[in-house]
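Reading through the structure tokens given below for one structure.
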Amino acid sequence: MIEVRALTMRYGRTVAVDDLTFTVKPGLVTGFLGPNGAGKSTTMRAVLGLESPAAGEALVGGRAYVSLRRPLRTMGALLDAGAVHGGRSARAHLAWLARSNGIGADRVAAVLEQVGLAGVADRRIGGFSLGMKQRLGIAAALLGDPAVLMLDEPLNGLDPEGIRWLRHLLRTLAGEGRTVLLSSHLMNELALTADHVLIIGRGRLIADTSMDALAGCFQGDVLVRTPDPGRLTSVLRGHGAKVTDGDDGALSVRDLAAAEIGALALAAGIALAELSPRGASLEEAFMRLTGDSTEYRTAQEAAR
Ligand SMILES: Nc1ncnc2c1ncn2[C@@H]1O[C@H](COP(=O)(O)OP(=O)(O)OP(=O)(O)O)[C@@H](O)[C@H]1O
């Protein structure tokens, strides 16, 4: 479990994280989402104790990370996949990390296998692609077989096959009861990966909700085609719908469900050629939530 309580982080006059409170629970993949500069990396650095908060605290398994004697066994983290010694091999890098954390050498081979780097384990990291470095960073995070994993933009640099692989891995780890937190600035990346999502903007919490609830809050419109759009428009407006002319003669209807539109059309004797509910994409939901600070509040209330 990761607990962030009333955390405020400042860089000079910049408030990077502003009174942030959330809990990341075991058994779920939790996405940490926000536009560039929202404060995700700063929050993760605070969880790792790399920077001190101006106020509040961040705990891992109920303790400050820096107070743990064998930290890699409690939480594995990936912050910057590029921050590795390019002259070492992947195996040597992991072996050094394992030794310094009292972790057996057998784990090195196990995690190299787990992340698909066993075949290149003895090559210099300097020649690795960004995707391979991400895999190596994930291997390092897994080294201590920790109950908590925290990964900053781990999908960044992975090809579609790598993304599928990582999704499967994270879901498996959460299925084993571990706590998994991963950040991203792209909702679509998280939509298929995370069960739960924490959204921040300008250092503040905007939403703390299940992915399903978030999708449900952002119902889209219903696309309707009929040979008699004028009459249908007035019938639907008479029942409180917002109706606008969409592309190629179709109507876009909001505030009435597809079934209600169908029933009203039938009662009025109007034929329908098409009736298609269109969900707003999660990416749109994210844009609407993080659009500006005035919208934050209304959208947050809507998301609850
Ligand atoms: N070392 C630093 N010195 C000064 N300001 C910083 C520093 N690190 C971050 N900031 C500022 O703090 C705010 C939060 O940055 P942070 O990197 O945590 O955001 P982020 O959500 O991780 O963004 P990204 O998706 O771009 O990585 C930004 O305004 C950023 O400019």
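Chain lettering (A, B, ...) mirrors the order of the structure tokens, residue numbering begins at 1 for each chain separately, and ligand numbering begins at 1 in order of display.
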Report task. Let me have all residues with an atom within 7 Å of ligand 1, counting only C-alpha atoms and all ligand atoms, laid out as a ChimeraX atom specification. Result -> /A:11,14-17,34-43,184-185,203
Report task. Write out as a PyMOL selection string the residues lying within 6 Å of Ile2 (chain A), counting only C-alpha atoms and excluding same-chain residues fewer than 6 positions away. Result -> chain A and resi 23-24+59-60
I need the residues from that last selection saved to file as a short mmCIF file (atom, residue, chain, number, x, y, z; two decimals), in the first residue's frame (with N, CA and C atoms), if you can.
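In the end it all went to part_1.cif:
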data_model
loop_
_atom_site.label_atom_id
_atom_site.label_comp_id
_atom_site.auth_asym_id
_atom_site.auth_seq_id
_atom_site.Cartn_x
_atom_site.Cartn_y
_atom_site.Cartn_z
N THR A 23 -4.63 6.95 -1.53
CA THR A 23 -4.08 5.66 -1.11
C THR A 23 -4.09 4.74 -2.33
N VAL A 24 -2.98 4.06 -2.55
CA VAL A 24 -2.92 3.09 -3.64
C VAL A 24 -3.04 1.70 -3.02
N LEU A 59 3.99 7.38 2.53
CA LEU A 59 4.41 6.15 3.21
C LEU A 59 4.24 4.94 2.30
N VAL A 60 5.14 3.98 2.48
CA VAL A 60 5.04 2.72 1.74
C VAL A 60 4.91 1.61 2.79
#
**Report entry** Exercise: Arg88 (chain A) partners within 12 Å, only C-alpha atoms, chain neighbours under 4 positions left out, as a ChimeraX atom specification
**Finding:** /A:84,92-96,121-128
Produce a file of the selected residues containing N, CA and C atoms, as a short mmCIF file (atom, residue, chain, number, x, y, z; two decimals), in the first residue's frame.
data_model
loop_
_atom_site.label_atom_id
_atom_site.label_comp_id
_atom_site.auth_asym_id
_atom_site.auth_seq_id
_atom_site.Cartn_x
_atom_site.Cartn_y
_atom_site.Cartn_z
N VAL A 84 21.07 4.72 -16.07
CA VAL A 84 21.85 3.52 -15.78
C VAL A 84 23.24 3.67 -16.39
N ALA A 92 25.25 -7.45 -15.08
CA ALA A 92 26.13 -6.86 -14.07
C ALA A 92 25.39 -5.76 -13.29
N HIS A 93 24.59 -4.98 -14.00
CA HIS A 93 23.82 -3.91 -13.35
C HIS A 93 22.89 -4.50 -12.29
N LEU A 94 22.16 -5.54 -12.68
CA LEU A 94 21.20 -6.14 -11.75
C LEU A 94 21.91 -6.87 -10.60
N ALA A 95 23.07 -7.49 -10.93
CA ALA A 95 23.81 -8.22 -9.89
C ALA A 95 24.30 -7.24 -8.82
N TRP A 96 24.75 -6.05 -9.28
CA TRP A 96 25.22 -5.04 -8.33
C TRP A 96 24.08 -4.56 -7.43
N ALA A 121 21.39 -10.36 -21.93
CA ALA A 121 21.81 -10.03 -20.57
C ALA A 121 23.27 -9.60 -20.47
N ASP A 122 24.12 -10.10 -21.38
CA ASP A 122 25.55 -9.79 -21.26
C ASP A 122 26.00 -8.68 -22.20
N ARG A 123 25.04 -8.05 -22.87
CA ARG A 123 25.39 -6.89 -23.72
C ARG A 123 25.45 -5.62 -22.91
N ARG A 124 26.23 -4.66 -23.40
CA ARG A 124 26.34 -3.36 -22.72
C ARG A 124 25.00 -2.62 -22.78
N ILE A 125 24.61 -2.03 -21.66
CA ILE A 125 23.34 -1.31 -21.61
C ILE A 125 23.36 -0.10 -22.55
N GLY A 126 24.56 0.45 -22.76
CA GLY A 126 24.71 1.62 -23.63
C GLY A 126 24.12 1.40 -25.02
N GLY A 127 24.11 0.16 -25.49
CA GLY A 127 23.58 -0.14 -26.82
C GLY A 127 22.11 -0.49 -26.81
N PHE A 128 21.46 -0.42 -25.66
CA PHE A 128 20.05 -0.80 -25.57
C PHE A 128 19.14 0.28 -26.14
#
**Report entry** 12 Å contact set for Arg69 (chain A), only C-alpha atoms, chain neighbours under 4 positions out, as number ranges by chain
**Finding:** A: 63-65, 73-75, 100-102
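For Asp80 (chain A), the residues within 9 Å (counting only C-alpha atoms, excluding itself and residues fewer than 4 positions away along the chain) are Val84, Gln134, Gly137, Asp152 and Glu153 of chain A.
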Those selected residues, please, written with C-alpha atoms and delivered as a compact mmCIF listing (two decimals), in the first residue's frame.
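Output file again_13.txt is given in full below:
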# COMPACT_ATOMS: atom_id res chain seq x y z
CA VAL A 84 21.85 3.52 -15.78
CA GLN A 134 12.46 0.28 -19.85
CA GLY A 137 14.28 -0.73 -15.26
CA ASP A 152 6.95 6.35 -13.85
CA GLU A 153 5.82 6.25 -17.50
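Take the candidates A:Arg278, A:Arg45, A:His196, A:Lys242 and check each one against Leu7 (chain A) using only C-alpha atoms; the shortest distance goes to A:Arg45.
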Report task. Would you please give, as a ChimeraX atom specification, all residues of region 8-245 of chain A that DSSP assigns to strand (DSSP E) based on the backbone? Result -> /A:8-11,14-24,29-33,55-60,75-78,148-151,179-184,196-201,204-210,222-225,242-245
Write out as an mmCIF file with N, CA and C atoms, in the first residue's frame which residues come within 12 Å of Val111 (chain A) when counting only C-alpha atoms, dropping same-chain ones fewer than 2 positions away.
data_model
loop_
_atom_site.group_PDB
_atom_site.id
_atom_site.type_symbol
_atom_site.label_atom_id
_atom_site.label_comp_id
_atom_site.auth_asym_id
_atom_site.auth_seq_id
_atom_site.Cartn_x
_atom_site.Cartn_y
_atom_site.Cartn_z
ATOM 1 N N ALA A 90 23.514 -5.709 -18.659
ATOM 2 C CA ALA A 90 22.265 -5.768 -17.902
ATOM 3 C C ALA A 90 22.443 -6.668 -16.683
ATOM 4 N N ARG A 91 23.115 -7.805 -16.900
ATOM 5 C CA ARG A 91 23.298 -8.763 -15.802
ATOM 6 C C ARG A 91 24.140 -8.145 -14.675
ATOM 7 N N LEU A 94 22.161 -5.543 -12.677
ATOM 8 C CA LEU A 94 21.202 -6.145 -11.746
ATOM 9 C C LEU A 94 21.912 -6.866 -10.604
ATOM 10 N N ALA A 95 23.066 -7.491 -10.928
ATOM 11 C CA ALA A 95 23.814 -8.222 -9.890
ATOM 12 C C ALA A 95 24.304 -7.243 -8.817
ATOM 13 N N ALA A 98 21.353 -6.207 -6.724
ATOM 14 C CA ALA A 98 20.937 -7.319 -5.857
ATOM 15 C C ALA A 98 21.874 -7.406 -4.648
ATOM 16 N N GLY A 104 19.456 -12.436 -3.316
ATOM 17 C CA GLY A 104 20.209 -13.561 -3.886
ATOM 18 C C GLY A 104 20.405 -13.420 -5.387
ATOM 19 N N ALA A 105 21.538 -13.966 -5.902
ATOM 20 C CA ALA A 105 21.879 -13.862 -7.325
ATOM 21 C C ALA A 105 20.850 -14.577 -8.206
ATOM 22 N N ASP A 106 20.140 -15.549 -7.644
ATOM 23 C CA ASP A 106 19.145 -16.286 -8.438
ATOM 24 C C ASP A 106 18.043 -15.353 -8.948
ATOM 25 N N ARG A 107 17.773 -14.271 -8.217
ATOM 26 C CA ARG A 107 16.731 -13.331 -8.652
ATOM 27 C C ARG A 107 17.139 -12.607 -9.933
ATOM 28 N N VAL A 108 18.448 -12.429 -10.150
ATOM 29 C CA VAL A 108 18.908 -11.716 -11.346
ATOM 30 C C VAL A 108 18.466 -12.478 -12.598
ATOM 31 N N ALA A 109 18.753 -13.768 -12.609
ATOM 32 C CA ALA A 109 18.364 -14.577 -13.772
ATOM 33 C C ALA A 109 16.842 -14.603 -13.908
ATOM 34 N N GLU A 113 14.704 -13.077 -17.192
ATOM 35 C CA GLU A 113 13.778 -13.943 -17.925
ATOM 36 C C GLU A 113 12.390 -13.296 -17.962
ATOM 37 N N GLN A 114 11.966 -12.797 -16.815
ATOM 38 C CA GLN A 114 10.612 -12.236 -16.682
ATOM 39 C C GLN A 114 10.385 -11.049 -17.612
ATOM 40 N N VAL A 115 11.421 -10.254 -17.860
ATOM 41 C CA VAL A 115 11.236 -9.073 -18.706
ATOM 42 C C VAL A 115 11.698 -9.306 -20.151
ATOM 43 N N GLY A 116 12.089 -10.535 -20.460
ATOM 44 C CA GLY A 116 12.466 -10.866 -21.836
ATOM 45 C C GLY A 116 13.838 -10.370 -22.244
ATOM 46 N N LEU A 117 14.747 -10.159 -21.283
ATOM 47 C CA LEU A 117 16.097 -9.686 -21.628
ATOM 48 C C LEU A 117 17.158 -10.786 -21.451
ATOM 49 N N ALA A 118 16.740 -12.011 -21.175
ATOM 50 C CA ALA A 118 17.727 -13.073 -20.899
ATOM 51 C C ALA A 118 18.719 -13.217 -22.058
ATOM 52 N N ALA A 121 21.391 -10.365 -21.931
ATOM 53 C CA ALA A 121 21.810 -10.030 -20.567
ATOM 54 C C ALA A 121 23.271 -9.604 -20.470
ATOM 55 N N ARG A 135 12.567 -2.125 -20.045
ATOM 56 C CA ARG A 135 12.468 -3.500 -19.536
ATOM 57 C C ARG A 135 13.491 -3.740 -18.425
ATOM 58 N N LEU A 136 14.702 -3.190 -18.619
ATOM 59 C CA LEU A 136 15.738 -3.356 -17.601
ATOM 60 C C LEU A 136 15.327 -2.642 -16.304
ATOM 61 N N GLY A 137 14.747 -1.457 -16.444
ATOM 62 C CA GLY A 137 14.276 -0.725 -15.261
ATOM 63 C C GLY A 137 13.185 -1.494 -14.533
ATOM 64 N N ILE A 138 12.336 -2.155 -15.306
ATOM 65 C CA ILE A 138 11.266 -2.958 -14.691
ATOM 66 C C ILE A 138 11.873 -4.188 -14.001
ATOM 67 N N ALA A 139 12.910 -4.767 -14.637
ATOM 68 C CA ALA A 139 13.606 -5.905 -14.017
ATOM 69 C C ALA A 139 14.191 -5.492 -12.671
ATOM 70 N N ALA A 140 14.801 -4.297 -12.630
ATOM 71 C CA ALA A 140 15.394 -3.810 -11.379
ATOM 72 C C ALA A 140 14.303 -3.617 -10.323
ATOM 73 N N ALA A 141 13.155 -3.114 -10.754
ATOM 74 C CA ALA A 141 12.050 -2.891 -9.810
ATOM 75 C C ALA A 141 11.531 -4.218 -9.248
ATOM 76 N N LEU A 142 11.617 -5.286 -10.061
ATOM 77 C CA LEU A 142 11.080 -6.582 -9.638
ATOM 78 C C LEU A 142 12.078 -7.407 -8.824
ATOM 79 N N LEU A 143 13.328 -6.954 -8.803
ATOM 80 C CA LEU A 143 14.430 -7.740 -8.242
ATOM 81 C C LEU A 143 14.163 -8.257 -6.826
ATOM 82 N N GLY A 144 13.657 -7.401 -5.978
ATOM 83 C CA GLY A 144 13.433 -7.788 -4.578
ATOM 84 C C GLY A 144 12.097 -8.480 -4.350
ATOM 85 N N ASP A 145 11.405 -8.880 -5.422
ATOM 86 C CA ASP A 145 10.099 -9.519 -5.329
ATOM 87 C C ASP A 145 9.174 -8.709 -4.406
ATOM 88 N N LEU A 169 1.895 -8.309 -17.617
ATOM 89 C CA LEU A 169 2.742 -8.466 -16.424
ATOM 90 C C LEU A 169 2.148 -7.718 -15.229
#
